[in-house]
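Trainee: Take this structure first; my questions come after.
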Amino acid sequence: MWAFIHKLGSPKWFYGISAKLQPWFWAAAALLLITGSLWGLAFAPADYQQGNSFRIIYVHVPAAFLAQSIFISMAVSGLVFMVWKIKVADMAAAVMAPLGAAMTFVALFSGAVWGVPTWGTWWMWDARLTSMLILLFLYLGVIALRGAFTSRDSASRAASVLAMVGVINIPIIKYSVDWWYTLHQPASFTLTSRPTMPTEMWLPLVIMVLGFYSFFIALTLMRTRSEILRREASKRWVQELVNGQMMKVPAEETR
Amino acid sequence: MQETGLQETGSHSSSHSSSSSSLYGADATADVLPVPLLEHKGGLMIAVKATLVRDLTLLLRRRGEVLNPLVFFALVITLFPIAISPDPELLATIAPGLLWVAALLAALLSLDSLFRSDYDDGSLEQLLLAPQPLAALSVAKVAVHWLLTGLPLALMAPLLGIMLALPVGSYAVLALSLALGTASLSLIGAIGAALTVGLARGGVLLSLLVLPLYIPVLIFGAGAVQAAILGDGVSAHLAILGALLAASLMSAPWAIAASLRISING
Amino acid sequence: MAFASFSEFLAMGGHAPYVWSAWGVTALLLVATVWHARVEQRQLIKGLKRRARRANSLKGNTP
């Protein structure tokens with residue numbers, strides 16, 4: 001176990017193993033997303049109440065799930081970085097943040113668009129949408145804090161601390177917002193909490209959720225690899241790797 | 001001077017306290033160092049007290065800085081009737097929220113200076129080098145911040161409540177909820193202040209980091225005043241505010257200490 | 001199949017603007033992130049190769 005963690009801590013080892021894992025996750029993501037989209041858009045039955053506008057659920061819910069999961073993985077990576085000084089963890093946390101913010105934006109946008117046919121307005125201070133909005137601000141804070149430091153090490157540690165503080169607060173924020181919402185507005189109709197959903201409706205949703213997660217893993221692996229190259233550019237193994245690649249394809253030497 | 005007092009307690013006990021022995025590395029140096037002249041059993045309490053007294057004295061010397069948030073609070077509250085309407089009925093319905101948001105912003109305004117002057121003159125580094133846990137010392141600093149911003153804001157709020165035609169019977173709850181809530185706000189805000197103290201233009205960033213984390217306190221704080229106006233029980237709200245304070249008192253100091261270390265060590 | 005014809009599928013029972021804009025923005029963002037990651041990776045490798053070439057030529061020039 002410990003040997004495994006230390007191996008994982010080596011950027012070189014991670015660079016190699018992620019190259020092998022990456023295609024599988026990309027393939028899974030593409031397969032699941034295409035299947036889920038076709039099924040959700042064309043084959044799932046329309047909702048008896050909301051009609052076809054309910055098909056927004058297939059992007060809204062996976063994006064919302066992923067937005068929350070990415071923040072948690074960011075905080076876990078931050079913890080791993082702070083405790084074991086594993087640099088790869090911080091690189092992963094750094095590349096996760098923008099994707100998390102993008103997913104939060106997707107959840108917000110699709111929620112707002114969904115609001116038009118269901119509530120007749122673009123924005124409702126619905127509990128779920130409100131906590132998503134706060135999550136977006138948390139993401140922006142982490143990204144801004146990382147960018148504000150000139151020293152990379154300080155930036156990494158500061159962002160890790162903030163991510164951990166944020167992840168402790170997310171459940172508190174979520175429950176207080178839920179409580180606030182039920183107090184001010186008896187939940188007459190929430191977007192996604194359906195009492196019973198037939199199998200042909202939730203199965204594509206599960207597929208989409210899995211697809212989004214595979215996409216997240218694949219993209220994180222890919223961007224972490226880039227981040228490794230960027231930060232380890234002066235290390236010998238990177239230079240050897242680059243030299244080896246140049247030998248292989250000398251014809252590609254163009255400016 | 002309290003500063004020198006703190007420094008001395010620091011250097012005396014650090015030469016043999018176990019927590020900082022790694023600083024001196026080899027055993028050889030430990031042998032050479034003299035045995036401390038004075039050993040305080042309660043070194044931590046002394047350091048905390050010294051920090052408290054020092055910060056209080058320093059802040060009380062700059063009265064303007066203590067008054068600024070209060071003036072800001074009053075000013076913002078003045079803006080709302082002008083911007084919305086002087087109608088007392090309308091103002092009464094939005095008063096709890098307005099008072100809470102304005103107090104929250106006033107407390108936020110003063111956060112940036114929480115560690116700033118200590119960072120500039122280097123006394124923050126002394127605090128870091130002290131053998132006492134930084135978390136405890138930073139709690140002392142936050143306590144002073146609350147004493148001189150949160151508590152005055154809470155005491156002043158009923159006065160502004162009168163101006164906003166806040167219904168009778170909710171004044172005590174307003175002050176109490178603000179007193180409880182601003183303590184959590186100071187603790188949570190200190191994390192942000194500690195993270196941004198090393199940055200040249202940390203002010204706006206600080207509010208971006210801290211405001212989302214303030215939302216639960218705002219919800220239950222303003223909720224308590226609302227409940228008092230409606231005649232519902234307020235004990236649940238105040239209990240949750242207390243719970244939030246307890247939770248932040250338990251976890252925030254560690255985050256503050258870690259953030260200060262990051263900001264100082266560059 | 002929940003729709004009788006392709007045009008009905010596009011119309012989404014009158015909810016076309018909502019469904020397609022939500023899905024469109026999502027798809028656009030997913031594609032954009034992948035594209036960005038690819039560009040980033042290519043540029044990095046290009047920069048690294050340029051650096052290595054410069055280092056190699058410097059080594060070659062010194063007698």
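Naming scheme: A, B, ... for chains in displayed order of the structure tokens; residues 1 onward per chain; ligands 1 onward as shown.
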List as a compact mmCIF listing (two decimals) with N, CA and C atoms, in the first residue's frame the protein and nucleic acid residues near range 240-248 of chain A, meaning an atom at most 8 Å away when only C-alpha atoms are counted, but skip any in the same chain fewer than 6 places from it.

Mentor:
# COMPACT_ATOMS: atom_id res chain seq x y z
N ILE C 45 4.31 20.25 -25.66
CA ILE C 45 5.29 19.33 -26.25
C ILE C 45 6.13 20.06 -27.29
N LEU C 48 8.65 22.08 -25.45
CA LEU C 48 9.70 21.23 -24.88
C LEU C 48 10.67 20.79 -25.97
N LYS C 49 10.13 20.47 -27.16
CA LYS C 49 10.99 20.02 -28.25
C LYS C 49 11.90 21.15 -28.70
N ALA C 52 14.62 21.47 -26.26
CA ALA C 52 15.60 20.39 -26.36
C ALA C 52 16.50 20.61 -27.57

Trainee: Counting only C-alpha atoms, what is within 8 Å of Ser263 in chain B, bar same-chain residues fewer than 4 positions away, as a count of residues only?

Mentor: 7

Trainee: Smallest atom-to-atom distance to chain B: which of A:Val83, A:Leu145, A:Val76, A:Leu221, using only C-alpha atoms?

Mentor: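 Comparing A:Val83, A:Leu145, A:Val76, A:Leu221 against chain B, the winner is A:Leu145.
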
Trainee: Could the residues of chain A that have an atom at most 6 Å from chain C be listed as a Markdown table, each with its closest atom pair and the distance in Å to one decimal, counting only C-alpha atoms and ordered by chain and ascending residue number?

Mentor:
| residue | atom | partner | partner_atom | distance |
| --- | --- | --- | --- | --- |
| A:Ala42 | CA | C:Ala2 | CA | 5.9 |
| A:Phe43 | CA | C:Met1 | CA | 4.2 |
| A:Pro45 | CA | C:Ala2 | CA | 5.4 |
| A:Asn52 | CA | C:Met12 | CA | 5.6 |
| A:Ser53 | CA | C:His15 | CA | 5.5 |
| A:Ile56 | CA | C:Val19 | CA | 5.7 |
| A:Val106 | CA | C:Thr26 | CA | 5.9 |
| A:Ser110 | CA | C:Ala22 | CA | 4.8 |
| A:Val113 | CA | C:Tyr18 | CA | 5.6 |
| A:Ser226 | CA | C:Gln41 | CA | 5.4 |

Trainee: For the selection you just gave me, I'd like the residues written to a file as a PDB file, in the first residue's frame, keeping N, CA, C and O atoms.

Mentor:
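Writing the result to out-v1.pdb gives the following:
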ATOM      1  N   ALA A  42     -34.013  10.711 -27.439  1.00  0.00           N
ATOM      2  CA  ALA A  42     -34.948  10.194 -28.444  1.00  0.00           C
ATOM      3  C   ALA A  42     -35.820   9.057 -27.934  1.00  0.00           C
ATOM      4  O   ALA A  42     -36.960   8.926 -28.381  1.00  0.00           O
ATOM      5  N   PHE A  43     -35.312   8.243 -27.014  1.00  0.00           N
ATOM      6  CA  PHE A  43     -36.040   7.019 -26.703  1.00  0.00           C
ATOM      7  C   PHE A  43     -36.770   7.052 -25.372  1.00  0.00           C
ATOM      8  O   PHE A  43     -37.794   6.402 -25.216  1.00  0.00           O
ATOM      9  N   PRO A  45     -39.312   8.018 -22.598  1.00  0.00           N
ATOM     10  CA  PRO A  45     -40.649   8.593 -22.771  1.00  0.00           C
ATOM     11  C   PRO A  45     -40.704  10.007 -22.191  1.00  0.00           C
ATOM     12  O   PRO A  45     -39.955  10.339 -21.270  1.00  0.00           O
ATOM     13  N   ASN A  52     -41.524  17.187 -22.939  1.00  0.00           N
ATOM     14  CA  ASN A  52     -40.162  16.893 -23.381  1.00  0.00           C
ATOM     15  C   ASN A  52     -39.118  17.781 -22.719  1.00  0.00           C
ATOM     16  O   ASN A  52     -37.932  17.514 -22.826  1.00  0.00           O
ATOM     17  N   SER A  53     -39.540  18.861 -22.046  1.00  0.00           N
ATOM     18  CA  SER A  53     -38.555  19.719 -21.400  1.00  0.00           C
ATOM     19  C   SER A  53     -37.832  18.958 -20.293  1.00  0.00           C
ATOM     20  O   SER A  53     -36.751  19.339 -19.871  1.00  0.00           O
ATOM     21  N   ILE A  56     -33.986  17.792 -20.178  1.00  0.00           N
ATOM     22  CA  ILE A  56     -32.842  18.576 -19.685  1.00  0.00           C
ATOM     23  C   ILE A  56     -32.215  17.887 -18.475  1.00  0.00           C
ATOM     24  O   ILE A  56     -31.037  18.072 -18.183  1.00  0.00           O
ATOM     25  N   VAL A 106     -22.620  24.623 -16.176  1.00  0.00           N
ATOM     26  CA  VAL A 106     -23.570  23.835 -16.979  1.00  0.00           C
ATOM     27  C   VAL A 106     -24.819  23.538 -16.164  1.00  0.00           C
ATOM     28  O   VAL A 106     -25.960  23.691 -16.645  1.00  0.00           O
ATOM     29  N   SER A 110     -28.364  24.946 -17.354  1.00  0.00           N
ATOM     30  CA  SER A 110     -29.451  24.047 -17.735  1.00  0.00           C
ATOM     31  C   SER A 110     -30.605  24.184 -16.739  1.00  0.00           C
ATOM     32  O   SER A 110     -31.768  24.089 -17.133  1.00  0.00           O
ATOM     33  N   VAL A 113     -32.490  27.337 -17.771  1.00  0.00           N
ATOM     34  CA  VAL A 113     -33.256  27.121 -19.001  1.00  0.00           C
ATOM     35  C   VAL A 113     -34.466  26.233 -18.716  1.00  0.00           C
ATOM     36  O   VAL A 113     -35.559  26.458 -19.219  1.00  0.00           O
ATOM     37  N   SER A 226      -0.235  17.031 -18.913  1.00  0.00           N
ATOM     38  CA  SER A 226       0.311  18.294 -19.407  1.00  0.00           C
ATOM     39  C   SER A 226       0.948  19.092 -18.276  1.00  0.00           C
ATOM     40  O   SER A 226       2.024  19.671 -18.430  1.00  0.00           O
TER      41      SER A 226
END

Trainee: Would you write out, as a tab-separated table, a table of all residues in chain B that have an atom no more than 8 Å from an atom of chain A, listing for each the closest atom pair and the distance in Å to one decimal, considering only C-alpha atoms and ordering rows by chain and rising residue number?

Mentor:
residue	atom	partner	partner_atom	distance
B:Leu195	CA	A:Ala158	CA	6.4
B:Leu199	CA	A:Phe149	CA	7.0
B:Leu205	CA	A:Leu145	CA	7.2
B:Leu208	CA	A:Gly141	CA	5.8
B:Leu209	CA	A:Gly141	CA	5.0
B:Pro212	CA	A:Ile134	CA	5.9
B:Leu213	CA	A:Asn169	CA	6.7
B:Ile215	CA	A:Ile173	CA	6.7
B:Pro216	CA	A:Ile173	CA	5.5
B:Ile219	CA	A:Trp180	CA	6.7
B:Phe220	CA	A:Ser176	CA	7.8
B:Ala255	CA	A:Val161	CA	6.9
B:Ala258	CA	A:Val161	CA	7.6
B:Ser259	CA	A:Ala158	CA	6.6
B:Ile262	CA	A:Ser154	CA	5.9
B:Ser263	CA	A:Ser154	CA	7.2
B:Asn265	CA	A:Ser154	CA	8.0
B:Gly266	CA	A:Ser154	CA	5.9

Trainee: Identify, on the basis of only C-alpha atoms, every residue whose closest approach to Ile143 in chain A does not exceed 10 Å; exclude the query and any residue fewer than 6 positions from it along the same chain; express the result as number ranges by chain.

Mentor: A: 94-98, 101, 137, 155, 159, 163

Trainee: Could you turn the residues from that selection into a file that holds N, CA and C atoms, as an mmCIF file, in the first residue's frame?

Mentor:
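File out_6.cif, as written:
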data_model
loop_
_atom_site.group_PDB
_atom_site.id
_atom_site.type_symbol
_atom_site.label_atom_id
_atom_site.label_comp_id
_atom_site.auth_asym_id
_atom_site.auth_seq_id
_atom_site.Cartn_x
_atom_site.Cartn_y
_atom_site.Cartn_z
ATOM 1 N N ALA A 94 -5.157 21.189 -9.408
ATOM 2 C CA ALA A 94 -5.087 22.428 -10.189
ATOM 3 C C ALA A 94 -5.871 22.314 -11.482
ATOM 4 N N VAL A 95 -5.803 21.144 -12.136
ATOM 5 C CA VAL A 95 -6.504 21.021 -13.421
ATOM 6 C C VAL A 95 -7.985 20.708 -13.236
ATOM 7 N N MET A 96 -8.339 20.208 -12.042
ATOM 8 C CA MET A 96 -9.751 19.880 -11.805
ATOM 9 C C MET A 96 -10.598 21.138 -11.656
ATOM 10 N N ALA A 97 -10.018 22.169 -11.039
ATOM 11 C CA ALA A 97 -10.828 23.328 -10.650
ATOM 12 C C ALA A 97 -11.586 23.964 -11.825
ATOM 13 N N PRO A 98 -10.919 24.248 -12.956
ATOM 14 C CA PRO A 98 -11.678 24.864 -14.041
ATOM 15 C C PRO A 98 -12.804 23.969 -14.572
ATOM 16 N N ALA A 101 -15.671 24.234 -12.216
ATOM 17 C CA ALA A 101 -16.408 25.479 -12.408
ATOM 18 C C ALA A 101 -17.271 25.387 -13.660
ATOM 19 N N PHE A 137 -19.252 30.120 -6.793
ATOM 20 C CA PHE A 137 -18.414 31.140 -6.153
ATOM 21 C C PHE A 137 -17.241 30.497 -5.418
ATOM 22 N N ALA A 155 0.935 28.840 -3.709
ATOM 23 C CA ALA A 155 -0.360 28.777 -4.395
ATOM 24 C C ALA A 155 -0.992 27.416 -4.177
ATOM 25 N N ALA A 159 -4.398 26.950 -2.051
ATOM 26 C CA ALA A 159 -5.585 26.417 -2.718
ATOM 27 C C ALA A 159 -6.046 25.140 -2.031
ATOM 28 N N ALA A 163 -9.685 24.650 -0.447
ATOM 29 C CA ALA A 163 -10.561 23.576 -0.927
ATOM 30 C C ALA A 163 -11.060 22.744 0.248
#

Trainee: From the DSSP assignment of the backbone, select every residue of range 154-229 of chain B that is alpha helix (DSSP H), and format the answer as a count of residues only.

Mentor: 63

Trainee: Which residue out of A:Met82, A:Ala19, A:Leu32, A:Met132 has the minimum interatomic distance to Met208 in chain A when only C-alpha atoms are used?

Mentor: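 Looking at the shortest contact to Met208 in chain A, the residue is A:Leu32.
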
Trainee: Can you list, as a PDB file with N, CA and C atoms, in the first residue's frame, every protein, DNA or RNA residue that comes within 8 Å of range 236-240 of chain B when you count only C-alpha atoms, leaving out same-chain residues fewer than 3 positions away?

Mentor:
ATOM      1  N   SER B 177     -28.239  37.624  18.127  1.00  0.00           N
ATOM      2  CA  SER B 177     -27.887  36.840  16.939  1.00  0.00           C
ATOM      3  C   SER B 177     -26.648  37.433  16.279  1.00  0.00           C
ATOM      4  N   LEU B 180     -23.536  36.486  18.394  1.00  0.00           N
ATOM      5  CA  LEU B 180     -23.154  35.088  18.163  1.00  0.00           C
ATOM      6  C   LEU B 180     -22.611  34.904  16.751  1.00  0.00           C
ATOM      7  N   PHE B 220     -29.158  31.780   9.226  1.00  0.00           N
ATOM      8  CA  PHE B 220     -29.732  31.561  10.554  1.00  0.00           C
ATOM      9  C   PHE B 220     -29.775  32.839  11.376  1.00  0.00           C
ATOM     10  N   GLY B 221     -28.831  33.755  11.128  1.00  0.00           N
ATOM     11  CA  GLY B 221     -28.847  35.022  11.852  1.00  0.00           C
ATOM     12  C   GLY B 221     -30.058  35.852  11.473  1.00  0.00           C
ATOM     13  N   GLY B 223     -32.606  34.735   9.965  1.00  0.00           N
ATOM     14  CA  GLY B 223     -33.775  33.913  10.285  1.00  0.00           C
ATOM     15  C   GLY B 223     -34.224  34.095  11.721  1.00  0.00           C
ATOM     16  N   ALA B 224     -33.266  34.234  12.634  1.00  0.00           N
ATOM     17  CA  ALA B 224     -33.613  34.420  14.045  1.00  0.00           C
ATOM     18  C   ALA B 224     -34.422  35.698  14.225  1.00  0.00           C
ATOM     19  N   GLY B 233     -40.612  30.793  17.940  1.00  0.00           N
ATOM     20  CA  GLY B 233     -39.511  30.590  18.861  1.00  0.00           C
ATOM     21  C   GLY B 233     -38.183  30.908  18.182  1.00  0.00           C
ATOM     22  N   ALA B 243     -24.194  26.510  17.482  1.00  0.00           N
ATOM     23  CA  ALA B 243     -23.541  25.308  16.959  1.00  0.00           C
ATOM     24  C   ALA B 243     -22.540  25.673  15.868  1.00  0.00           C
ATOM     25  N   LEU B 244     -22.928  26.624  15.008  1.00  0.00           N
ATOM     26  CA  LEU B 244     -22.008  27.055  13.953  1.00  0.00           C
ATOM     27  C   LEU B 244     -20.757  27.670  14.574  1.00  0.00           C
TER      28      LEU B 244
END

Trainee: Figure out the distance between CA of Tyr213 in chain A and CA of Val80 in chain A, please, to one decimal in Å.

Mentor: 20.9 Å

Trainee: Which one of B:Thr51, B:Ser138, B:Thr93, B:Ser170 sits closest to Asp232 in chain B if you count only C-alpha atoms?

Mentor: B:Ser170

Trainee: Just to confirm, what's the straight-line distance from CA of Gly161 in chain B to CA of Pro88 in chain B in Å (one decimal)?

Mentor: 11.3 Å

Trainee: Which polymer residues have any atom within 12 Å of an atom of Ala28 in chain A, counting only C-alpha atoms, with same-chain residues fewer than 6 positions away left out, as a PyMOL selection string?

Mentor: chain A and resi 21-22+34-36+207-218

Trainee: Please produce an output containing N, CA, C and O atoms for each residue in the selection, written as a PDB file, in the first residue's frame.

Mentor:
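Produced file out26.pdb, reproduced below:
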ATOM      1  N   LEU A  21      -3.939   4.339 -19.057  1.00  0.00           N
ATOM      2  CA  LEU A  21      -5.333   4.342 -18.597  1.00  0.00           C
ATOM      3  C   LEU A  21      -6.219   5.254 -19.437  1.00  0.00           C
ATOM      4  O   LEU A  21      -7.379   4.966 -19.671  1.00  0.00           O
ATOM      5  N   GLN A  22      -5.628   6.353 -19.881  1.00  0.00           N
ATOM      6  CA  GLN A  22      -6.393   7.415 -20.521  1.00  0.00           C
ATOM      7  C   GLN A  22      -7.307   6.946 -21.652  1.00  0.00           C
ATOM      8  O   GLN A  22      -8.494   7.270 -21.646  1.00  0.00           O
ATOM      9  N   ILE A  34     -22.611   8.995 -25.692  1.00  0.00           N
ATOM     10  CA  ILE A  34     -23.405   8.891 -26.925  1.00  0.00           C
ATOM     11  C   ILE A  34     -24.651   8.040 -26.672  1.00  0.00           C
ATOM     12  O   ILE A  34     -25.770   8.419 -27.027  1.00  0.00           O
ATOM     13  N   THR A  35     -24.448   6.881 -26.009  1.00  0.00           N
ATOM     14  CA  THR A  35     -25.609   6.029 -25.708  1.00  0.00           C
ATOM     15  C   THR A  35     -26.631   6.789 -24.873  1.00  0.00           C
ATOM     16  O   THR A  35     -27.825   6.812 -25.175  1.00  0.00           O
ATOM     17  N   GLY A  36     -26.121   7.410 -23.807  1.00  0.00           N
ATOM     18  CA  GLY A  36     -27.026   8.111 -22.896  1.00  0.00           C
ATOM     19  C   GLY A  36     -27.765   9.240 -23.591  1.00  0.00           C
ATOM     20  O   GLY A  36     -28.967   9.429 -23.375  1.00  0.00           O
ATOM     21  N   ILE A 207     -26.651   6.230 -17.064  1.00  0.00           N
ATOM     22  CA  ILE A 207     -25.613   6.126 -18.099  1.00  0.00           C
ATOM     23  C   ILE A 207     -24.931   7.479 -18.299  1.00  0.00           C
ATOM     24  O   ILE A 207     -23.700   7.577 -18.392  1.00  0.00           O
ATOM     25  N   MET A 208     -25.734   8.545 -18.330  1.00  0.00           N
ATOM     26  CA  MET A 208     -25.153   9.876 -18.512  1.00  0.00           C
ATOM     27  C   MET A 208     -24.236  10.246 -17.347  1.00  0.00           C
ATOM     28  O   MET A 208     -23.162  10.810 -17.535  1.00  0.00           O
ATOM     29  N   VAL A 209     -24.691   9.915 -16.131  1.00  0.00           N
ATOM     30  CA  VAL A 209     -23.865  10.236 -14.956  1.00  0.00           C
ATOM     31  C   VAL A 209     -22.522   9.524 -15.065  1.00  0.00           C
ATOM     32  O   VAL A 209     -21.448  10.130 -14.898  1.00  0.00           O
ATOM     33  N   LEU A 210     -22.585   8.204 -15.405  1.00  0.00           N
ATOM     34  CA  LEU A 210     -21.330   7.452 -15.539  1.00  0.00           C
ATOM     35  C   LEU A 210     -20.467   8.055 -16.647  1.00  0.00           C
ATOM     36  O   LEU A 210     -19.245   8.159 -16.517  1.00  0.00           O
ATOM     37  N   GLY A 211     -21.111   8.457 -17.748  1.00  0.00           N
ATOM     38  CA  GLY A 211     -20.371   9.065 -18.853  1.00  0.00           C
ATOM     39  C   GLY A 211     -19.672  10.337 -18.422  1.00  0.00           C
ATOM     40  O   GLY A 211     -18.503  10.556 -18.749  1.00  0.00           O
ATOM     41  N   PHE A 212     -20.375  11.178 -17.667  1.00  0.00           N
ATOM     42  CA  PHE A 212     -19.762  12.423 -17.192  1.00  0.00           C
ATOM     43  C   PHE A 212     -18.566  12.121 -16.296  1.00  0.00           C
ATOM     44  O   PHE A 212     -17.530  12.775 -16.386  1.00  0.00           O
ATOM     45  N   TYR A 213     -18.727  11.104 -15.441  1.00  0.00           N
ATOM     46  CA  TYR A 213     -17.610  10.775 -14.552  1.00  0.00           C
ATOM     47  C   TYR A 213     -16.408  10.268 -15.342  1.00  0.00           C
ATOM     48  O   TYR A 213     -15.265  10.635 -15.059  1.00  0.00           O
ATOM     49  N   SER A 214     -16.656   9.410 -16.350  1.00  0.00           N
ATOM     50  CA  SER A 214     -15.537   8.916 -17.154  1.00  0.00           C
ATOM     51  C   SER A 214     -14.853  10.079 -17.860  1.00  0.00           C
ATOM     52  O   SER A 214     -13.631  10.142 -17.946  1.00  0.00           O
ATOM     53  N   PHE A 215     -15.679  10.991 -18.355  1.00  0.00           N
ATOM     54  CA  PHE A 215     -15.134  12.166 -19.029  1.00  0.00           C
ATOM     55  C   PHE A 215     -14.238  12.952 -18.077  1.00  0.00           C
ATOM     56  O   PHE A 215     -13.123  13.348 -18.432  1.00  0.00           O
ATOM     57  N   PHE A 216     -14.717  13.128 -16.868  1.00  0.00           N
ATOM     58  CA  PHE A 216     -13.939  13.865 -15.861  1.00  0.00           C
ATOM     59  C   PHE A 216     -12.600  13.183 -15.605  1.00  0.00           C
ATOM     60  O   PHE A 216     -11.544  13.828 -15.607  1.00  0.00           O
ATOM     61  N   ILE A 217     -12.640  11.851 -15.432  1.00  0.00           N
ATOM     62  CA  ILE A 217     -11.392  11.141 -15.147  1.00  0.00           C
ATOM     63  C   ILE A 217     -10.435  11.254 -16.331  1.00  0.00           C
ATOM     64  O   ILE A 217      -9.251  11.560 -16.173  1.00  0.00           O
ATOM     65  N   ALA A 218     -10.975  11.024 -17.537  1.00  0.00           N
ATOM     66  CA  ALA A 218     -10.117  11.066 -18.719  1.00  0.00           C
ATOM     67  C   ALA A 218      -9.489  12.446 -18.888  1.00  0.00           C
ATOM     68  O   ALA A 218      -8.277  12.582 -19.108  1.00  0.00           O
TER      69      ALA A 218
END
